Amino acid sequence: MVPGETFVAIDIGSSKIKSVIGTFTEDKKLRVMGVGVAESRGIRKGNILDMEEFKNNLDWALGDAEKMVGEQVSHIFIGLSWIHIDILRNTGIIAIPGIEVTEDDVNRALDISQNGLDMTNRTVLKVIPESFSLDFESGIKNPIGMNGKKLEVRSHIFSIGTNTINNIKKWIYDVWVEILDIYPNILWSGEAILSRRQKELGVVCLDIGASTTNVSVYEEGSLIYAGIIPLGGEHVTSDLALGLRISIDTAEKLKLEYGDLGFLKNDSDEEIDLSKFSSIDTVNISRKFMTEIMKARYQEIFHYVNLELKKVGRDWMLPEWAALTGWASKIRWILDLARESLRLPASIWVPEEIDSMSGTTVSDPTYSAVIWVLLLSQKYWTHKRPFKLNISLHGWVESVKNFFHKILP
Ligand SMILES: Nc1ncnc2c1ncn2[C@@H]1O[C@H](COP(=O)(O)OP(=O)(O)OP(=O)(O)O)[C@@H](O)[C@H]1O
Ligand SMILES: [Mg+2]
């Protein structure tokens, strides 16, 4: 890493596209220089429905951040949390040709761990090792430099539909920026910010977005499980719309202003006059009823989180805690419900200790994913990389040409 070098991250969510431009100081602290958020209208449930709309939204999110920095962006890192991301676990075994395990051996083992899986029409985004075994010793976190003859890796393979990823790449080249790398957002926590001790003790990280809830589980220092639940804030909104017989727009505004999972604790009810949000939905609704609807959906999300934990035998028994993030985790009293439903201590996790020059505070769950994409980029892009990354520089020359094309008349 060259101190002062600029990094750009984009989180393509199903409700919002967020961009952050940042740099890293000599002591490796992130300094945020520009931030942009745009609606993500061209995307529905992980499908791009309207290419032009998607490109406009992306341009908008980038443009806002660029204005703060006063520079045009030419290459970016991307984070995705789409339901189309598949996560498979597999093992790979190789013979070690030399005396010690090298970085090449580790990469070879990770490559081999993809064998035997049906990857037709799928592109691998990342292969993350869970643990290694060297000869008869198991549970090794990093075998590089150790002596042995046979290396086995247990890995998590994150893949996405080849058509989907090719389309994303094409549309992003169309707005004249080059993609340096793509990260499944689900990796944010463990790879970017959890301390070794936190990962040792065990933690479940939840990113509750608009159409997905990402679940990742760490224990004994490694990712032991990752899963994507196709439920999020937009389901809460559509429940309100259906239950209260109001439009989606009114339901969303109502949720953002009055959403409060703790309201049922009050004895009295409150009437909310919807005419302040809409000229069509002008009825009064009960705040208690509204809370019941929202609480039921959040309870369902936590129920599915428990089912995910059950798949690895960790329901109600992770020792440390649950870390929540994502914009939909901003609903009031969510932590009480999380503690009750997951039977774990819970806290909201926001990016910390970030020096912001942009005037926008990024210490907010809204920006967690995009900030962590930036931290991942710094981690993978700058250090000698211990594990394989699928980095494509294809199209770079074209993008430089396009960049000049964009700024010249
Ligand atoms: N204060 C709030 N209370 C409750 N929900 C909120 C609040 N603010 C935003 N939301 C909800 O958060 C969701 C958007 O979250 P986020 O921006 O993290 O999603 P995304 O990254 O675009 O989606 P995904 O990760 O699922 O692709 C929307 O459904 C929105 O209604
Ligand atoms: Mg998201």
# chains A, B, ... in the order shown; residues from 1 in each chain; ligands from 1

$ residues_near_ligand --ligand "ligand 2" --cutoff "10 Å" --atoms "only C-alpha atoms and all ligand atoms" --output "MDAnalysis selection string"
chainID A and resid 11:18 79:82 185:186 207:214 232 325:328 365:370

$ select_by_dssp --residues "stretch 165-406 of chain A" --states "strand (DSSP E)" --output "count of residues only"
44

$ select_by_dssp --residues "stretch 175-353 of chain A" --states "helix (DSSP H, G or I)" --output "JSON, numbers by chain"
{"A": [185, 186, 187, 188, 189, 190, 191, 192, 193, 196, 197, 198, 199, 200, 201, 233, 234, 235, 236, 237, 238, 239, 240, 241, 242, 243, 244, 248, 249, 250, 251, 252, 253, 254, 255, 256, 257, 258, 263, 264, 265, 274, 275, 276, 287, 288, 289, 290, 291, 292, 293, 294, 295, 296, 297, 298, 299, 300, 301, 302, 303, 304, 305, 306, 307, 308, 309, 310, 311, 327, 328, 329, 330, 334, 335, 336, 337, 338, 339, 340, 341, 342]}

$ residues_around --residues "A:Met294" --least-positions-apart "6" --cutoff "12 Å" --atoms "only C-alpha atoms" --output "PDB file with N, CA and C atoms, in the first residue's frame"
ATOM      1  N   GLY A 232     -35.591  -9.196   4.320  1.00  0.00           N
ATOM      2  CA  GLY A 232     -34.992  -7.964   4.836  1.00  0.00           C
ATOM      3  C   GLY A 232     -36.045  -6.889   5.007  1.00  0.00           C
ATOM      4  N   GLY A 233     -35.579  -5.634   5.041  1.00  0.00           N
ATOM      5  CA  GLY A 233     -36.455  -4.500   5.332  1.00  0.00           C
ATOM      6  C   GLY A 233     -37.605  -4.331   4.355  1.00  0.00           C
ATOM      7  N   GLU A 234     -37.399  -4.685   3.078  1.00  0.00           N
ATOM      8  CA  GLU A 234     -38.498  -4.466   2.121  1.00  0.00           C
ATOM      9  C   GLU A 234     -39.681  -5.404   2.409  1.00  0.00           C
ATOM     10  N   HIS A 235     -39.398  -6.547   3.059  1.00  0.00           N
ATOM     11  CA  HIS A 235     -40.497  -7.448   3.435  1.00  0.00           C
ATOM     12  C   HIS A 235     -41.293  -6.855   4.593  1.00  0.00           C
ATOM     13  N   VAL A 236     -40.581  -6.135   5.479  1.00  0.00           N
ATOM     14  CA  VAL A 236     -41.275  -5.463   6.583  1.00  0.00           C
ATOM     15  C   VAL A 236     -42.223  -4.418   5.986  1.00  0.00           C
ATOM     16  N   THR A 237     -41.709  -3.667   5.018  1.00  0.00           N
ATOM     17  CA  THR A 237     -42.527  -2.626   4.387  1.00  0.00           C
ATOM     18  C   THR A 237     -43.732  -3.234   3.668  1.00  0.00           C
ATOM     19  N   SER A 238     -43.512  -4.328   2.927  1.00  0.00           N
ATOM     20  CA  SER A 238     -44.661  -4.873   2.193  1.00  0.00           C
ATOM     21  C   SER A 238     -45.686  -5.498   3.144  1.00  0.00           C
ATOM     22  N   ASP A 239     -45.240  -6.025   4.299  1.00  0.00           N
ATOM     23  CA  ASP A 239     -46.201  -6.516   5.299  1.00  0.00           C
ATOM     24  C   ASP A 239     -47.070  -5.365   5.811  1.00  0.00           C
ATOM     25  N   LEU A 240     -46.410  -4.211   6.057  1.00  0.00           N
ATOM     26  CA  LEU A 240     -47.175  -3.057   6.547  1.00  0.00           C
ATOM     27  C   LEU A 240     -48.191  -2.618   5.502  1.00  0.00           C
ATOM     28  N   ALA A 241     -47.743  -2.612   4.224  1.00  0.00           N
ATOM     29  CA  ALA A 241     -48.640  -2.184   3.147  1.00  0.00           C
ATOM     30  C   ALA A 241     -49.852  -3.122   3.069  1.00  0.00           C
ATOM     31  N   LEU A 242     -49.574  -4.423   3.154  1.00  0.00           N
ATOM     32  CA  LEU A 242     -50.678  -5.402   3.056  1.00  0.00           C
ATOM     33  C   LEU A 242     -51.575  -5.354   4.296  1.00  0.00           C
ATOM     34  N   GLY A 243     -50.931  -5.350   5.465  1.00  0.00           N
ATOM     35  CA  GLY A 243     -51.681  -5.416   6.722  1.00  0.00           C
ATOM     36  C   GLY A 243     -52.524  -4.178   6.971  1.00  0.00           C
ATOM     37  N   LEU A 244     -51.987  -3.026   6.573  1.00  0.00           N
ATOM     38  CA  LEU A 244     -52.714  -1.778   6.845  1.00  0.00           C
ATOM     39  C   LEU A 244     -53.485  -1.292   5.611  1.00  0.00           C
ATOM     40  N   ALA A 251     -46.169   3.041   3.359  1.00  0.00           N
ATOM     41  CA  ALA A 251     -45.706   2.080   4.370  1.00  0.00           C
ATOM     42  C   ALA A 251     -44.232   2.328   4.699  1.00  0.00           C
ATOM     43  N   GLU A 252     -43.423   2.612   3.682  1.00  0.00           N
ATOM     44  CA  GLU A 252     -41.988   2.844   3.910  1.00  0.00           C
ATOM     45  C   GLU A 252     -41.788   4.111   4.758  1.00  0.00           C
ATOM     46  N   LEU A 254     -43.927   5.498   6.761  1.00  0.00           N
ATOM     47  CA  LEU A 254     -44.468   5.222   8.099  1.00  0.00           C
ATOM     48  C   LEU A 254     -43.443   4.439   8.924  1.00  0.00           C
ATOM     49  N   LYS A 255     -42.849   3.434   8.293  1.00  0.00           N
ATOM     50  CA  LYS A 255     -41.865   2.603   8.984  1.00  0.00           C
ATOM     51  C   LYS A 255     -40.678   3.446   9.444  1.00  0.00           C
ATOM     52  N   LEU A 256     -40.175   4.294   8.534  1.00  0.00           N
ATOM     53  CA  LEU A 256     -38.986   5.063   8.878  1.00  0.00           C
ATOM     54  C   LEU A 256     -39.275   6.060  10.002  1.00  0.00           C
ATOM     55  N   TYR A 258     -42.094   5.929  12.310  1.00  0.00           N
ATOM     56  CA  TYR A 258     -42.690   5.378  13.537  1.00  0.00           C
ATOM     57  C   TYR A 258     -42.219   3.969  13.882  1.00  0.00           C
ATOM     58  N   GLY A 259     -41.379   3.392  13.050  1.00  0.00           N
ATOM     59  CA  GLY A 259     -40.926   2.019  13.287  1.00  0.00           C
ATOM     60  C   GLY A 259     -40.270   1.893  14.654  1.00  0.00           C
ATOM     61  N   ASP A 260     -40.774   0.991  15.490  1.00  0.00           N
ATOM     62  CA  ASP A 260     -40.287   0.880  16.858  1.00  0.00           C
ATOM     63  C   ASP A 260     -40.745  -0.473  17.406  1.00  0.00           C
ATOM     64  N   LEU A 261     -39.831  -1.416  17.470  1.00  0.00           N
ATOM     65  CA  LEU A 261     -40.242  -2.767  17.890  1.00  0.00           C
ATOM     66  C   LEU A 261     -40.563  -2.842  19.379  1.00  0.00           C
ATOM     67  N   GLY A 262     -40.274  -1.756  20.103  1.00  0.00           N
ATOM     68  CA  GLY A 262     -40.541  -1.762  21.549  1.00  0.00           C
ATOM     69  C   GLY A 262     -41.855  -1.118  21.908  1.00  0.00           C
ATOM     70  N   PHE A 263     -42.597  -0.629  20.918  1.00  0.00           N
ATOM     71  CA  PHE A 263     -43.804   0.116  21.242  1.00  0.00           C
ATOM     72  C   PHE A 263     -44.830  -0.727  21.991  1.00  0.00           C
ATOM     73  N   LEU A 264     -44.814  -2.043  21.757  1.00  0.00           N
ATOM     74  CA  LEU A 264     -45.809  -2.912  22.401  1.00  0.00           C
ATOM     75  C   LEU A 264     -45.630  -2.954  23.919  1.00  0.00           C
ATOM     76  N   ARG A 287     -50.896   2.379  16.162  1.00  0.00           N
ATOM     77  CA  ARG A 287     -49.435   2.184  16.228  1.00  0.00           C
ATOM     78  C   ARG A 287     -49.099   0.805  16.799  1.00  0.00           C
ATOM     79  N   LYS A 288     -49.969   0.323  17.669  1.00  0.00           N
ATOM     80  CA  LYS A 288     -49.741  -1.008  18.246  1.00  0.00           C
ATOM     81  C   LYS A 288     -49.824  -2.089  17.165  1.00  0.00           C
ATOM     82  N   GLU A 300     -39.474 -13.377  12.389  1.00  0.00           N
ATOM     83  CA  GLU A 300     -39.287 -14.414  11.371  1.00  0.00           C
ATOM     84  C   GLU A 300     -37.836 -14.402  10.858  1.00  0.00           C
ATOM     85  N   ILE A 301     -37.286 -13.203  10.656  1.00  0.00           N
ATOM     86  CA  ILE A 301     -35.882 -13.114  10.204  1.00  0.00           C
ATOM     87  C   ILE A 301     -34.970 -13.805  11.226  1.00  0.00           C
ATOM     88  N   ALA A 328     -31.478  -1.865   7.750  1.00  0.00           N
ATOM     89  CA  ALA A 328     -32.716  -2.318   8.394  1.00  0.00           C
ATOM     90  C   ALA A 328     -32.501  -2.683   9.869  1.00  0.00           C
ATOM     91  N   ILE A 331     -33.856  -0.135  13.073  1.00  0.00           N
ATOM     92  CA  ILE A 331     -35.180  -0.062  13.697  1.00  0.00           C
ATOM     93  C   ILE A 331     -35.016  -0.045  15.218  1.00  0.00           C
ATOM     94  N   ARG A 332     -35.781   0.821  15.879  1.00  0.00           N
ATOM     95  CA  ARG A 332     -35.637   0.948  17.339  1.00  0.00           C
ATOM     96  C   ARG A 332     -36.006  -0.355  18.061  1.00  0.00           C
ATOM     97  N   TRP A 333     -35.304  -0.697  19.092  1.00  0.00           N
ATOM     98  CA  TRP A 333     -35.525  -1.859  19.955  1.00  0.00           C
ATOM     99  C   TRP A 333     -35.194  -3.189  19.273  1.00  0.00           C
ATOM    100  N   ILE A 334     -34.433  -3.130  18.202  1.00  0.00           N
ATOM    101  CA  ILE A 334     -34.110  -4.395  17.523  1.00  0.00           C
ATOM    102  C   ILE A 334     -33.218  -5.276  18.410  1.00  0.00           C
ATOM    103  N   LEU A 337     -35.125  -7.554  20.722  1.00  0.00           N
ATOM    104  CA  LEU A 337     -35.742  -8.677  20.007  1.00  0.00           C
ATOM    105  C   LEU A 337     -34.668  -9.697  19.597  1.00  0.00           C
TER     106      LEU A 337
END

$ closest_residue --among "A:Lys29, A:His156, A:Lys149, A:Arg44" --to "ligand 1" --atoms "only C-alpha atoms and all ligand atoms"
A:Arg44

$ residues_around --residues "A:Val203" --least-positions-apart "4" --cutoff "12 Å" --atoms "only C-alpha atoms" --output "PyMOL selection string"
chain A and resi 189-190+194-199+215-226+309+314-324+342+344-347

$ write_last_selection --atoms "C-alpha atoms" --output "short mmCIF file (atom, residue, chain, number, x, y, z; two decimals), in the first residue's frame"
data_model
loop_
_atom_site.label_atom_id
_atom_site.label_comp_id
_atom_site.auth_asym_id
_atom_site.auth_seq_id
_atom_site.Cartn_x
_atom_site.Cartn_y
_atom_site.Cartn_z
CA SER A 189 -17.07 -8.92 9.23
CA GLY A 190 -14.58 -11.67 9.66
CA LEU A 194 -13.29 -8.98 13.67
CA SER A 195 -10.35 -9.32 15.98
CA ARG A 196 -8.63 -12.67 16.28
CA ARG A 197 -10.00 -13.02 19.82
CA GLN A 198 -13.58 -12.30 18.74
CA LYS A 199 -13.30 -14.91 16.02
CA VAL A 215 -25.36 -14.51 8.17
CA SER A 216 -21.73 -15.39 8.86
CA VAL A 217 -20.52 -17.43 11.79
CA TYR A 218 -16.98 -17.44 13.15
CA GLU A 219 -15.54 -19.80 15.69
CA GLU A 220 -12.04 -20.83 16.69
CA GLY A 221 -10.70 -18.08 14.48
CA SER A 222 -12.36 -19.17 11.21
CA LEU A 223 -15.45 -18.71 9.15
CA ILE A 224 -17.45 -21.86 9.88
CA TYR A 225 -20.66 -20.96 8.11
CA ALA A 226 -22.08 -18.35 5.75
CA LEU A 309 -27.09 -21.54 13.03
CA ARG A 314 -24.60 -23.47 16.83
CA ASP A 315 -28.17 -22.38 17.56
CA TRP A 316 -28.36 -20.75 20.99
CA MET A 317 -24.85 -21.78 21.85
CA LEU A 318 -22.37 -19.35 20.36
CA PRO A 319 -20.35 -18.13 23.33
CA GLU A 320 -19.74 -14.53 22.40
CA TRP A 321 -22.45 -12.48 20.74
CA ALA A 322 -24.46 -11.44 17.69
CA ALA A 323 -23.28 -8.38 15.76
CA LEU A 324 -25.99 -6.66 13.71
CA LEU A 342 -31.27 -15.63 19.38
CA LEU A 344 -27.35 -14.21 22.69
CA PRO A 345 -25.91 -10.85 23.68
CA ALA A 346 -26.40 -8.56 20.69
CA SER A 347 -25.01 -5.23 19.57
#

$ residues_around --residues "A:Val283" --least-positions-apart "4" --cutoff "12 Å" --atoms "only C-alpha atoms" --output "PDB file with N, CA and C atoms, in the first residue's frame"
ATOM      1  N   LEU A 244     -51.987  -3.026   6.573  1.00  0.00           N
ATOM      2  CA  LEU A 244     -52.714  -1.778   6.845  1.00  0.00           C
ATOM      3  C   LEU A 244     -53.485  -1.292   5.611  1.00  0.00           C
ATOM      4  N   ARG A 245     -53.368  -2.051   4.534  1.00  0.00           N
ATOM      5  CA  ARG A 245     -54.007  -1.702   3.243  1.00  0.00           C
ATOM      6  C   ARG A 245     -53.622  -0.293   2.800  1.00  0.00           C
ATOM      7  N   ILE A 246     -52.317  -0.083   2.734  1.00  0.00           N
ATOM      8  CA  ILE A 246     -51.815   1.216   2.269  1.00  0.00           C
ATOM      9  C   ILE A 246     -50.763   0.960   1.189  1.00  0.00           C
ATOM     10  N   SER A 247     -50.328   2.041   0.513  1.00  0.00           N
ATOM     11  CA  SER A 247     -49.354   1.850  -0.565  1.00  0.00           C
ATOM     12  C   SER A 247     -47.967   1.560   0.026  1.00  0.00           C
ATOM     13  N   THR A 250     -46.198   4.784   1.203  1.00  0.00           N
ATOM     14  CA  THR A 250     -46.661   5.272   2.520  1.00  0.00           C
ATOM     15  C   THR A 250     -46.131   4.358   3.617  1.00  0.00           C
ATOM     16  N   GLU A 271     -52.889   6.725  17.768  1.00  0.00           N
ATOM     17  CA  GLU A 271     -53.409   6.753  16.395  1.00  0.00           C
ATOM     18  C   GLU A 271     -52.420   7.537  15.536  1.00  0.00           C
ATOM     19  N   ILE A 272     -52.107   7.003  14.358  1.00  0.00           N
ATOM     20  CA  ILE A 272     -51.218   7.767  13.451  1.00  0.00           C
ATOM     21  C   ILE A 272     -52.038   8.190  12.246  1.00  0.00           C
ATOM     22  N   ASP A 273     -52.006   9.473  11.985  1.00  0.00           N
ATOM     23  CA  ASP A 273     -52.756  10.027  10.854  1.00  0.00           C
ATOM     24  C   ASP A 273     -51.864   9.928   9.605  1.00  0.00           C
ATOM     25  N   LEU A 274     -52.270   9.087   8.661  1.00  0.00           N
ATOM     26  CA  LEU A 274     -51.411   8.854   7.485  1.00  0.00           C
ATOM     27  C   LEU A 274     -51.427  10.002   6.481  1.00  0.00           C
ATOM     28  N   SER A 275     -52.330  10.966   6.677  1.00  0.00           N
ATOM     29  CA  SER A 275     -52.393  12.051   5.679  1.00  0.00           C
ATOM     30  C   SER A 275     -51.095  12.869   5.680  1.00  0.00           C
ATOM     31  N   LYS A 276     -50.300  12.769   6.744  1.00  0.00           N
ATOM     32  CA  LYS A 276     -49.014  13.496   6.729  1.00  0.00           C
ATOM     33  C   LYS A 276     -48.000  12.857   5.770  1.00  0.00           C
ATOM     34  N   PHE A 277     -48.260  11.599   5.363  1.00  0.00           N
ATOM     35  CA  PHE A 277     -47.333  10.929   4.434  1.00  0.00           C
ATOM     36  C   PHE A 277     -47.861  10.878   3.010  1.00  0.00           C
ATOM     37  N   SER A 278     -49.187  10.954   2.875  1.00  0.00           N
ATOM     38  CA  SER A 278     -49.756  10.665   1.557  1.00  0.00           C
ATOM     39  C   SER A 278     -51.094  11.372   1.374  1.00  0.00           C
ATOM     40  N   SER A 279     -51.370  11.729   0.131  1.00  0.00           N
ATOM     41  CA  SER A 279     -52.677  12.343  -0.119  1.00  0.00           C
ATOM     42  C   SER A 279     -53.710  11.273  -0.467  1.00  0.00           C
TER      43      SER A 279
END

$ closest_residue --among "A:Glu71, A:Glu39, A:Asp336, A:Asp27" --to "ligand 1" --atoms "only C-alpha atoms and all ligand atoms"
A:Glu39

$ residues_around --residues "A:Val177" --least-positions-apart "5" --cutoff "7 Å" --atoms "only C-alpha atoms" --output "PyMOL selection string"
chain A and resi 73-76+172+399

$ write_last_selection --atoms "C-alpha atoms" --output "compact mmCIF listing (two decimals), in the first residue's frame"
# COMPACT_ATOMS: atom_id res chain seq x y z
CA VAL A 73 -12.86 7.74 -10.28
CA SER A 74 -11.34 5.20 -12.64
CA HIS A 75 -11.26 1.91 -10.74
CA ILE A 76 -13.42 0.44 -8.00
CA ILE A 172 -19.95 -0.92 -14.92
CA SER A 399 -11.15 1.86 -19.22

$ closest_residue --among "A:Val124, A:Arg31, A:Tyr183, A:Thr291" --to "A:Lys265" --atoms "only C-alpha atoms"
A:Thr291
